Amino acid sequence: MFPLYMRIISTGTVCTYARYSCVCLPCPCKQVDYIQRRGYKKKWAKNEGSKPHTVHALNHMEAFYKPVFKERWPSIRISLLTTSKYCALLNNYNSENEKVEKYLTDLGTYNVMEKAKLARAKYLEKENQQIVTEQSSLPLESLIDFPKRLPHSEVDENDDVNDDDEDVKEEIQPVVGKNTSLYDFIPTKRVYTDKELLQQHIARVATFDDSLLEVPVKVIQEQVPELPEDLKFFVYPKGDISKFPNPKMKHGNLLGYYMMDAASLLPVIALDLQENDSVLDLCAAPGGKTLAMLQTLKTENLTCIDESWSRLSRLKDISKWYIGETPSSMSVSKTDGKLLEDPFYNKVLVDVPCNTDRHVLISEDNNLFKPGRMEERLELPTEQMELLVAGIKSCKPGGTVVYSTCTLSPAQNDGVVHAAMDHLWKETDIDTVVIDISYLRPIFKDIFTFFPKTKYGQLVLPTLSSNFGPMYICKIKRIR
C-alpha cells in the first residue's frame, strides 16, 4: 500500500499520484504499466517498427507504377532515388545576360533550345511539312464530329421514349412489402473489412483503365509551332552530373539564371505563347513556370493565382530576384482556381498539385504519404479534375489549355484528362479536343526520354543519364 500522501488517481490508462513523486514506479493496482507524476504528458503515439513515409511512397509506386512501365521501371526507380538534374534558365531581364550566357557556356553546358530548333527543322523536313505561322483556316466546328447538343433549357423532360429502342432497358423496381421473399434479394458473397475497402479505393484512385472509357475524346494534329525565340536554358551533356553553382548577383543587379528541372519548361513551350495573348497561370506558385513564361517576353497580360499565401510569397520573391518590381502586365492574387468559370483567357496553364514523386521518395517533411494525409492524397485526382475543368471554362473558344503534373501516375495524368472531358461532355455545353504534341519527342530526344504509351499527353521519364522529370504534359483546345 502507498501512504496517504501518495494518493492514487485512476485516469483510465495511466495511474497518476498527486505529489511527492519524481520517478515512475510500478503501479500497485496493476491496472497499468507505470505511475507517472501529474502534469507530465506521456506520448502514446509511439509506433515502434513503423516504416518511414518515403518507404510507403516507394511501396505504392512498386504496386502501381511497375505494372505500367514494366521493364523500364528498374531504371525509373533508381533514377527517382538519385539526385535529380537541373537546368539553368537564362534571365532575360538581367542587364548583362550576354555575360551570363557566356559564363554558363564556359561551365561546359549548352543551350537546349538551339539544338531543339535544329531538330525541329529536321523533323519538319522528314515529315514533309510546311511551316505556316498563320492559324488554321478551318472553322472550329469542323474539328469535332460529335453530335450537336441542345442547351439544357431546351431539352423537354417529357419527351417520349421509343419503347422499341434496344438501348433502353427496362427499369428495375425496388422490392418492397413485408412478405417479400428472401429469394428476391441478391445474397452477399463476401464481407470486406475497412482495410480491404480502403485498399480497393486506393487501387481505383491510383489506376486508369482506358478500356472503360465511354465518352469520345478526339485527338487532332496541328502544325508544329515555332519554339520560343527568347527562351534559353542550359544543361550539362548526358551522363555529366555536374551541378550548377548557386546563382549570385555577380552579373547585373538581378540573378542571372534560375535553376529548375528542364522538363518543367515543356508545358511553357507547349503553350505556344504569342504576343497579345491573355494568359492564366491557374496554379502559379511557387513560380518556376511563371518565370519561364516571362522569359519568352510575350506575356503582355499574365494573371497568376494560387490558393496558398505561403506559396504565393515564394512566387513574389522569385519575381523580386529575377524581374525586379512586378511587371504592370502581371497580376498575382490568392484565389481558389476551382471557382473560375468565365472565359477570359487565350492560353491557360494548369500545373496541378500531384503526388510529387521525387519529393515523397527523398523527404519525410510534409510527405504526402503520411498517414494523416491519406485522405488528401486520395482526393488528388478529383481536385486535379476540378482544376482542369475550371481552366477549360476560363479559356476562350479557340484558345488552348496545357495540363501538367510531375508524377508518373496514369490516374493523375491521362486519367484526369479523360475525367475532365467526361465531366464537360455530360454536364456542360463545352466541346474540347486534345492536340497531339508528339512532335516534342523528336525535337527534344537528345535531352529527354519519353514514355511511348500515353493516351493523350506526353510523359518524360527519369533516366540516370538524363535525370529530368517526371513531367506529364497534355494540350487541350476549347472548340465552343
# chains A, B, ... in the order shown; residues from 1 in each chain; ligands from 1
>>> residues_around(residues="Arg120 (chain A)", least_positions_apart="2", cutoff="9 Å", atoms="only C-alpha atoms", output="list of chain:residue names")
A:Lys115, A:Ala116, A:Lys117, A:Leu118, A:Lys122, A:Tyr123, A:Leu124, A:Glu125, A:Val224, A:Glu226, A:Leu227, A:Tyr439, A:Leu440, A:Pro442, A:Ile443, A:Phe444
>>> residues_around(residues="Leu349 (chain A)", least_positions_apart="6", cutoff="6 Å", atoms="only C-alpha atoms", output="ChimeraX atom specification")
/A:281,401-402
>>> write_last_selection(atoms="N, CA and C atoms", output="mmCIF file, in the first residue's frame")
data_model
loop_
_atom_site.group_PDB
_atom_site.id
_atom_site.type_symbol
_atom_site.label_atom_id
_atom_site.label_comp_id
_atom_site.auth_asym_id
_atom_site.auth_seq_id
_atom_site.Cartn_x
_atom_site.Cartn_y
_atom_site.Cartn_z
ATOM 1 N N ASP A 281 -2.164 31.605 -65.365
ATOM 2 C CA ASP A 281 -1.407 30.555 -64.682
ATOM 3 C C ASP A 281 -2.239 30.151 -63.470
ATOM 4 N N VAL A 401 -5.413 25.041 -73.544
ATOM 5 C CA VAL A 401 -5.090 24.784 -72.146
ATOM 6 C C VAL A 401 -4.008 23.716 -72.109
ATOM 7 N N VAL A 402 -2.979 23.927 -71.290
ATOM 8 C CA VAL A 402 -1.947 22.913 -71.083
ATOM 9 C C VAL A 402 -2.063 22.414 -69.652
#
>>> closest_atom_pairs(of="region 332-437 of chain A", to="region 268-278 of chain A", cutoff="7 Å", atoms="only C-alpha atoms", output="tab-separated table")
residue	atom	partner	partner_atom	distance
A:Tyr345	CA	A:Ser278	CA	5.0
A:Asn346	CA	A:Ser278	CA	5.3
A:Lys347	CA	A:Ser278	CA	6.4
A:Val402	CA	A:Leu271	CA	6.1
>>> closest_residue(among="A:Ser264, A:Asn59, A:Ser313, A:Thr290", to="Cys406 (chain A)", atoms="only C-alpha atoms")
A:Ser264
>>> atom_distance(atom1="CA of Asp431 (chain A)", atom2="CA of Ala284 (chain A)")
25.6 Å
>>> atom_distance(atom1="CA of Ser465 (chain A)", atom2="CA of Asn355 (chain A)")
23.6 Å
>>> closest_residue(among="A:Ile362, A:Asp357, A:Asn301, A:Pro245", to="Pro462 (chain A)", atoms="only C-alpha atoms")
A:Asp357
>>> closest_residue(among="A:Arg480, A:Lys298, A:Lys250, A:Lys396", to="Lys99 (chain A)", atoms="only C-alpha atoms")
A:Lys250
>>> select_by_dssp(residues="region 307-479 of chain A", states="helix (DSSP H, G or I)", output="mmCIF file with N, CA, C and O atoms, in the first residue's frame")
data_model
loop_
_atom_site.group_PDB
_atom_site.id
_atom_site.type_symbol
_atom_site.label_atom_id
_atom_site.label_comp_id
_atom_site.auth_asym_id
_atom_site.auth_seq_id
_atom_site.Cartn_x
_atom_site.Cartn_y
_atom_site.Cartn_z
ATOM 1 N N TRP A 309 -1.171 31.376 -49.557
ATOM 2 C CA TRP A 309 -0.410 32.608 -49.364
ATOM 3 C C TRP A 309 1.079 32.308 -49.261
ATOM 4 O O TRP A 309 1.915 33.050 -49.797
ATOM 5 N N SER A 310 1.455 31.234 -48.555
ATOM 6 C CA SER A 310 2.872 30.923 -48.375
ATOM 7 C C SER A 310 3.541 30.613 -49.708
ATOM 8 O O SER A 310 4.678 31.023 -49.953
ATOM 9 N N ARG A 311 2.845 29.906 -50.573
ATOM 10 C CA ARG A 311 3.418 29.604 -51.884
ATOM 11 C C ARG A 311 3.466 30.857 -52.760
ATOM 12 O O ARG A 311 4.399 31.053 -53.538
ATOM 13 N N LEU A 312 2.467 31.710 -52.643
ATOM 14 C CA LEU A 312 2.482 32.954 -53.411
ATOM 15 C C LEU A 312 3.619 33.872 -52.976
ATOM 16 O O LEU A 312 4.178 34.609 -53.793
ATOM 17 N N SER A 313 3.986 33.828 -51.691
ATOM 18 C CA SER A 313 5.109 34.637 -51.224
ATOM 19 C C SER A 313 6.400 34.187 -51.893
ATOM 20 O O SER A 313 7.272 35.005 -52.192
ATOM 21 N N ARG A 314 6.508 32.894 -52.145
ATOM 22 C CA ARG A 314 7.672 32.377 -52.870
ATOM 23 C C ARG A 314 7.686 32.903 -54.302
ATOM 24 O O ARG A 314 8.732 33.296 -54.829
ATOM 25 N N LEU A 315 6.540 32.946 -54.947
ATOM 26 C CA LEU A 315 6.443 33.482 -56.304
ATOM 27 C C LEU A 315 6.853 34.952 -56.327
ATOM 28 O O LEU A 315 7.574 35.401 -57.238
ATOM 29 N N LYS A 316 6.414 35.719 -55.331
ATOM 30 C CA LYS A 316 6.771 37.130 -55.283
ATOM 31 C C LYS A 316 8.264 37.319 -55.054
ATOM 32 O O LYS A 316 8.879 38.260 -55.594
ATOM 33 N N ASP A 317 8.871 36.438 -54.249
ATOM 34 C CA ASP A 317 10.315 36.512 -54.038
ATOM 35 C C ASP A 317 11.074 36.259 -55.340
ATOM 36 O O ASP A 317 12.045 36.949 -55.659
ATOM 37 N N ILE A 318 10.622 35.247 -56.095
ATOM 38 C CA ILE A 318 11.270 34.949 -57.372
ATOM 39 C C ILE A 318 11.142 36.136 -58.320
ATOM 40 O O ILE A 318 12.098 36.518 -59.010
ATOM 41 N N SER A 319 9.970 36.737 -58.348
ATOM 42 C CA SER A 319 9.769 37.909 -59.197
ATOM 43 C C SER A 319 10.705 39.044 -58.781
ATOM 44 O O SER A 319 11.275 39.745 -59.630
ATOM 45 N N LYS A 320 10.901 39.222 -57.486
ATOM 46 C CA LYS A 320 11.774 40.289 -56.993
ATOM 47 C C LYS A 320 13.227 40.027 -57.364
ATOM 48 O O LYS A 320 13.958 40.952 -57.750
ATOM 49 N N TRP A 321 13.677 38.784 -57.249
ATOM 50 C CA TRP A 321 15.075 38.461 -57.500
ATOM 51 C C TRP A 321 15.427 38.437 -58.985
ATOM 52 O O TRP A 321 16.569 38.707 -59.355
ATOM 53 N N TYR A 322 14.446 38.098 -59.834
ATOM 54 C CA TYR A 322 14.750 37.905 -61.252
ATOM 55 C C TYR A 322 14.150 38.981 -62.163
ATOM 56 O O TYR A 322 14.664 39.201 -63.261
ATOM 57 N N GLY A 337 -8.587 28.378 -57.687
ATOM 58 C CA GLY A 337 -8.763 28.212 -59.126
ATOM 59 C C GLY A 337 -9.972 27.397 -59.507
ATOM 60 O O GLY A 337 -10.501 27.537 -60.617
ATOM 61 N N LYS A 338 -10.454 26.536 -58.615
ATOM 62 C CA LYS A 338 -11.595 25.672 -58.941
ATOM 63 C C LYS A 338 -12.882 26.463 -59.098
ATOM 64 O O LYS A 338 -13.868 25.935 -59.600
ATOM 65 N N LEU A 339 -12.880 27.722 -58.649
ATOM 66 C CA LEU A 339 -14.100 28.527 -58.696
ATOM 67 C C LEU A 339 -14.223 29.348 -59.974
ATOM 68 O O LEU A 339 -15.250 29.992 -60.195
ATOM 69 N N ASP A 357 6.389 12.782 -57.154
ATOM 70 C CA ASP A 357 7.066 11.500 -56.953
ATOM 71 C C ASP A 357 8.471 11.636 -56.375
ATOM 72 O O ASP A 357 8.885 10.841 -55.524
ATOM 73 N N ARG A 358 9.225 12.604 -56.830
ATOM 74 C CA ARG A 358 10.592 12.748 -56.318
ATOM 75 C C ARG A 358 10.602 13.156 -54.847
ATOM 76 O O ARG A 358 11.354 12.607 -54.037
ATOM 77 N N HIS A 359 9.778 14.125 -54.505
ATOM 78 C CA HIS A 359 9.785 14.638 -53.136
ATOM 79 C C HIS A 359 9.395 13.562 -52.132
ATOM 80 O O HIS A 359 10.028 13.423 -51.074
ATOM 81 N N VAL A 360 8.366 12.788 -52.432
ATOM 82 C CA VAL A 360 7.877 11.801 -51.461
ATOM 83 C C VAL A 360 8.851 10.648 -51.277
ATOM 84 O O VAL A 360 8.733 9.894 -50.306
ATOM 85 N N LEU A 361 9.818 10.503 -52.180
ATOM 86 C CA LEU A 361 10.803 9.424 -52.047
ATOM 87 C C LEU A 361 12.055 9.846 -51.303
ATOM 88 O O LEU A 361 12.844 8.990 -50.876
ATOM 89 N N ILE A 362 12.276 11.136 -51.134
ATOM 90 C CA ILE A 362 13.539 11.589 -50.527
ATOM 91 C C ILE A 362 13.334 12.409 -49.258
ATOM 92 O O ILE A 362 14.299 12.649 -48.532
ATOM 93 N N PRO A 371 0.370 9.073 -42.848
ATOM 94 C CA PRO A 371 -0.982 8.546 -42.583
ATOM 95 C C PRO A 371 -2.021 9.649 -42.444
ATOM 96 O O PRO A 371 -3.161 9.496 -42.887
ATOM 97 N N GLY A 372 -1.633 10.778 -41.862
ATOM 98 C CA GLY A 372 -2.580 11.859 -41.667
ATOM 99 C C GLY A 372 -2.978 12.570 -42.945
ATOM 100 O O GLY A 372 -3.937 13.348 -42.952
ATOM 101 N N ARG A 373 -2.247 12.320 -44.036
ATOM 102 C CA ARG A 373 -2.548 12.979 -45.310
ATOM 103 C C ARG A 373 -3.144 12.007 -46.333
ATOM 104 O O ARG A 373 -3.225 12.322 -47.517
ATOM 105 N N MET A 374 -3.563 10.840 -45.870
ATOM 106 C CA MET A 374 -4.084 9.836 -46.802
ATOM 107 C C MET A 374 -5.331 10.338 -47.524
ATOM 108 O O MET A 374 -5.463 10.192 -48.738
ATOM 109 N N GLU A 375 -6.247 10.946 -46.768
ATOM 110 C CA GLU A 375 -7.477 11.434 -47.391
ATOM 111 C C GLU A 375 -7.161 12.501 -48.439
ATOM 112 O O GLU A 375 -7.754 12.520 -49.521
ATOM 113 N N GLU A 376 -6.224 13.375 -48.113
ATOM 114 C CA GLU A 376 -5.809 14.407 -49.066
ATOM 115 C C GLU A 376 -5.243 13.784 -50.334
ATOM 116 O O GLU A 376 -5.533 14.234 -51.446
ATOM 117 N N ARG A 377 -4.450 12.734 -50.162
ATOM 118 C CA ARG A 377 -3.845 12.075 -51.325
ATOM 119 C C ARG A 377 -4.900 11.384 -52.184
ATOM 120 O O ARG A 377 -4.837 11.430 -53.418
ATOM 121 N N LEU A 378 -5.874 10.749 -51.536
ATOM 122 C CA LEU A 378 -6.904 10.047 -52.288
ATOM 123 C C LEU A 378 -7.827 11.012 -53.033
ATOM 124 O O LEU A 378 -8.447 10.642 -54.035
ATOM 125 N N LEU A 380 -6.757 13.728 -54.502
ATOM 126 C CA LEU A 380 -5.990 14.471 -55.507
ATOM 127 C C LEU A 380 -6.581 14.394 -56.920
ATOM 128 O O LEU A 380 -6.744 15.430 -57.577
ATOM 129 N N PRO A 381 -6.909 13.204 -57.448
ATOM 130 C CA PRO A 381 -7.461 13.168 -58.810
ATOM 131 C C PRO A 381 -8.729 13.988 -58.976
ATOM 132 O O PRO A 381 -8.927 14.625 -60.011
ATOM 133 N N THR A 382 -9.578 14.004 -57.948
ATOM 134 C CA THR A 382 -10.789 14.824 -58.017
ATOM 135 C C THR A 382 -10.445 16.304 -58.046
ATOM 136 O O THR A 382 -11.008 17.069 -58.848
ATOM 137 N N GLU A 383 -9.516 16.721 -57.190
ATOM 138 C CA GLU A 383 -9.098 18.124 -57.179
ATOM 139 C C GLU A 383 -8.452 18.508 -58.506
ATOM 140 O O GLU A 383 -8.699 19.594 -59.048
ATOM 141 N N GLN A 384 -7.625 17.623 -59.048
ATOM 142 C CA GLN A 384 -6.977 17.898 -60.328
ATOM 143 C C GLN A 384 -8.005 18.043 -61.447
ATOM 144 O O GLN A 384 -7.895 18.936 -62.294
ATOM 145 N N MET A 385 -8.997 17.167 -61.453
ATOM 146 C CA MET A 385 -10.039 17.245 -62.466
ATOM 147 C C MET A 385 -10.804 18.564 -62.360
ATOM 148 O O MET A 385 -11.086 19.219 -63.371
ATOM 149 N N GLU A 386 -11.120 18.972 -61.137
ATOM 150 C CA GLU A 386 -11.853 20.221 -60.945
ATOM 151 C C GLU A 386 -11.026 21.424 -61.403
ATOM 152 O O GLU A 386 -11.560 22.374 -61.978
ATOM 153 N N LEU A 387 -9.728 21.403 -61.146
ATOM 154 C CA LEU A 387 -8.863 22.492 -61.594
ATOM 155 C C LEU A 387 -8.783 22.533 -63.114
ATOM 156 O O LEU A 387 -8.827 23.612 -63.724
ATOM 157 N N LEU A 388 -8.665 21.360 -63.746
ATOM 158 C CA LEU A 388 -8.598 21.324 -65.204
ATOM 159 C C LEU A 388 -9.911 21.793 -65.819
ATOM 160 O O LEU A 388 -9.903 22.542 -66.809
ATOM 161 N N VAL A 389 -11.027 21.369 -65.267
ATOM 162 C CA VAL A 389 -12.334 21.823 -65.765
ATOM 163 C C VAL A 389 -12.442 23.339 -65.636
ATOM 164 O O VAL A 389 -12.897 24.030 -66.566
ATOM 165 N N ALA A 390 -12.006 23.880 -64.505
ATOM 166 C CA ALA A 390 -12.049 25.335 -64.315
ATOM 167 C C ALA A 390 -11.136 26.040 -65.319
ATOM 168 O O ALA A 390 -11.488 27.111 -65.836
ATOM 169 N N GLY A 391 -9.979 25.433 -65.603
ATOM 170 C CA GLY A 391 -9.077 26.022 -66.585
ATOM 171 C C GLY A 391 -9.686 26.058 -67.974
ATOM 172 O O GLY A 391 -9.530 27.047 -68.708
ATOM 173 N N ILE A 392 -10.386 24.993 -68.347
ATOM 174 C CA ILE A 392 -11.033 24.947 -69.661
ATOM 175 C C ILE A 392 -12.183 25.939 -69.732
ATOM 176 O O ILE A 392 -12.384 26.612 -70.744
ATOM 177 N N LYS A 393 -12.935 26.053 -68.636
ATOM 178 C CA LYS A 393 -14.017 27.043 -68.604
ATOM 179 C C LYS A 393 -13.474 28.468 -68.704
ATOM 180 O O LYS A 393 -14.141 29.356 -69.247
ATOM 181 N N ASP A 414 -3.281 10.889 -67.758
ATOM 182 C CA ASP A 414 -4.333 10.621 -68.742
ATOM 183 C C ASP A 414 -5.700 10.447 -68.085
ATOM 184 O O ASP A 414 -6.735 10.826 -68.653
ATOM 185 N N GLY A 415 -5.712 9.864 -66.873
ATOM 186 C CA GLY A 415 -6.977 9.631 -66.194
ATOM 187 C C GLY A 415 -7.719 10.916 -65.867
ATOM 188 O O GLY A 415 -8.932 11.012 -66.039
ATOM 189 N N VAL A 416 -6.995 11.932 -65.407
ATOM 190 C CA VAL A 416 -7.628 13.213 -65.083
ATOM 191 C C VAL A 416 -8.093 13.914 -66.352
ATOM 192 O O VAL A 416 -9.170 14.524 -66.379
ATOM 193 N N VAL A 417 -7.304 13.842 -67.409
ATOM 194 C CA VAL A 417 -7.705 14.458 -68.672
ATOM 195 C C VAL A 417 -9.035 13.877 -69.141
ATOM 196 O O VAL A 417 -9.962 14.609 -69.511
ATOM 197 N N HIS A 418 -9.151 12.554 -69.106
ATOM 198 C CA HIS A 418 -10.394 11.949 -69.567
ATOM 199 C C HIS A 418 -11.549 12.241 -68.613
ATOM 200 O O HIS A 418 -12.685 12.448 -69.059
ATOM 201 N N ALA A 419 -11.278 12.268 -67.314
ATOM 202 C CA ALA A 419 -12.341 12.587 -66.355
ATOM 203 C C ALA A 419 -12.877 13.995 -66.591
ATOM 204 O O ALA A 419 -14.087 14.240 -66.498
ATOM 205 N N ALA A 420 -11.985 14.941 -66.916
ATOM 206 C CA ALA A 420 -12.417 16.307 -67.198
ATOM 207 C C ALA A 420 -13.253 16.354 -68.476
ATOM 208 O O ALA A 420 -14.291 17.035 -68.530
ATOM 209 N N MET A 421 -12.826 15.627 -69.505
ATOM 210 C CA MET A 421 -13.582 15.565 -70.752
ATOM 211 C C MET A 421 -14.969 14.952 -70.509
ATOM 212 O O MET A 421 -15.975 15.417 -71.055
ATOM 213 N N ASP A 422 -14.989 13.918 -69.693
ATOM 214 C CA ASP A 422 -16.258 13.253 -69.371
ATOM 215 C C ASP A 422 -17.201 14.226 -68.666
ATOM 216 O O ASP A 422 -18.396 14.305 -68.985
ATOM 217 N N HIS A 423 -16.663 14.970 -67.700
ATOM 218 C CA HIS A 423 -17.487 15.937 -66.966
ATOM 219 C C HIS A 423 -18.021 17.026 -67.893
ATOM 220 O O HIS A 423 -19.212 17.369 -67.837
ATOM 221 N N LEU A 424 -17.157 17.579 -68.736
ATOM 222 C CA LEU A 424 -17.578 18.650 -69.640
ATOM 223 C C LEU A 424 -18.627 18.161 -70.632
ATOM 224 O O LEU A 424 -19.575 18.880 -70.966
ATOM 225 N N TRP A 425 -18.480 16.934 -71.112
ATOM 226 C CA TRP A 425 -19.408 16.386 -72.083
ATOM 227 C C TRP A 425 -20.781 16.142 -71.474
ATOM 228 O O TRP A 425 -21.812 16.397 -72.107
ATOM 229 N N LYS A 426 -20.800 15.682 -70.237
ATOM 230 C CA LYS A 426 -22.066 15.322 -69.603
ATOM 231 C C LYS A 426 -22.749 16.492 -68.913
ATOM 232 O O LYS A 426 -23.981 16.532 -68.836
ATOM 233 N N GLU A 427 -21.974 17.440 -68.394
ATOM 234 C CA GLU A 427 -22.544 18.477 -67.538
ATOM 235 C C GLU A 427 -22.584 19.865 -68.168
ATOM 236 O O GLU A 427 -23.215 20.757 -67.614
ATOM 237 N N LEU A 440 7.039 16.765 -79.728
ATOM 238 C CA LEU A 440 8.036 17.074 -78.713
ATOM 239 C C LEU A 440 9.088 15.976 -78.608
ATOM 240 O O LEU A 440 10.242 16.245 -78.237
ATOM 241 N N ARG A 441 8.702 14.751 -78.923
ATOM 242 C CA ARG A 441 9.649 13.629 -78.794
ATOM 243 C C ARG A 441 10.866 13.774 -79.702
ATOM 244 O O ARG A 441 12.008 13.748 -79.215
ATOM 245 N N PRO A 442 10.690 13.911 -81.017
ATOM 246 C CA PRO A 442 11.882 14.040 -81.868
ATOM 247 C C PRO A 442 12.628 15.359 -81.653
ATOM 248 O O PRO A 442 13.849 15.411 -81.840
ATOM 249 N N ILE A 443 11.913 16.409 -81.262
ATOM 250 C CA ILE A 443 12.573 17.700 -81.085
ATOM 251 C C ILE A 443 13.483 17.693 -79.860
ATOM 252 O O ILE A 443 14.579 18.268 -79.882
#
>>> residues_around(residues="Leu255 (chain A)", least_positions_apart="4", cutoff="10 Å", atoms="only C-alpha atoms", output="list in words")
Leu90, Asn91, Tyr93, Asn94, Asn97, Val100, Asn246, Pro247, Lys248, Met249, Lys250, His251, Ile318, Lys320, Trp321, Tyr322, Ile323 and Gly324 of chain A
>>> residues_around(residues="Lys102 (chain A)", least_positions_apart="4", cutoff="12 Å", atoms="only C-alpha atoms", output="list in words")
Leu90, Glu96, Asn97, Glu98, Asp106, Leu107, Gly108, Thr109, Tyr110, Asn111, Phe234, His251 and Gly256 of chain A
>>> closest_residue(among="A:Glu229, A:Glu307, A:Asp261, A:Asp429", to="Ser84 (chain A)", atoms="only C-alpha atoms")
A:Asp261
>>> atom_distance(atom1="CA of Ile437 (chain A)", atom2="CA of Thr449 (chain A)")
14.7 Å
>>> residues_around(residues="Leu461 (chain A)", least_positions_apart="3", cutoff="6 Å", atoms="only C-alpha atoms", output="list in words")
Thr449, Phe450, Gly469 and Pro470 of chain A
>>> select_by_dssp(residues="region 264-480 of chain A", states="strand (DSSP E or B)", output="PyMOL selection string")
chain A and resi 278-281+301-306+330-334+345-351+395-405+432-435+449-450+458-461+471-478
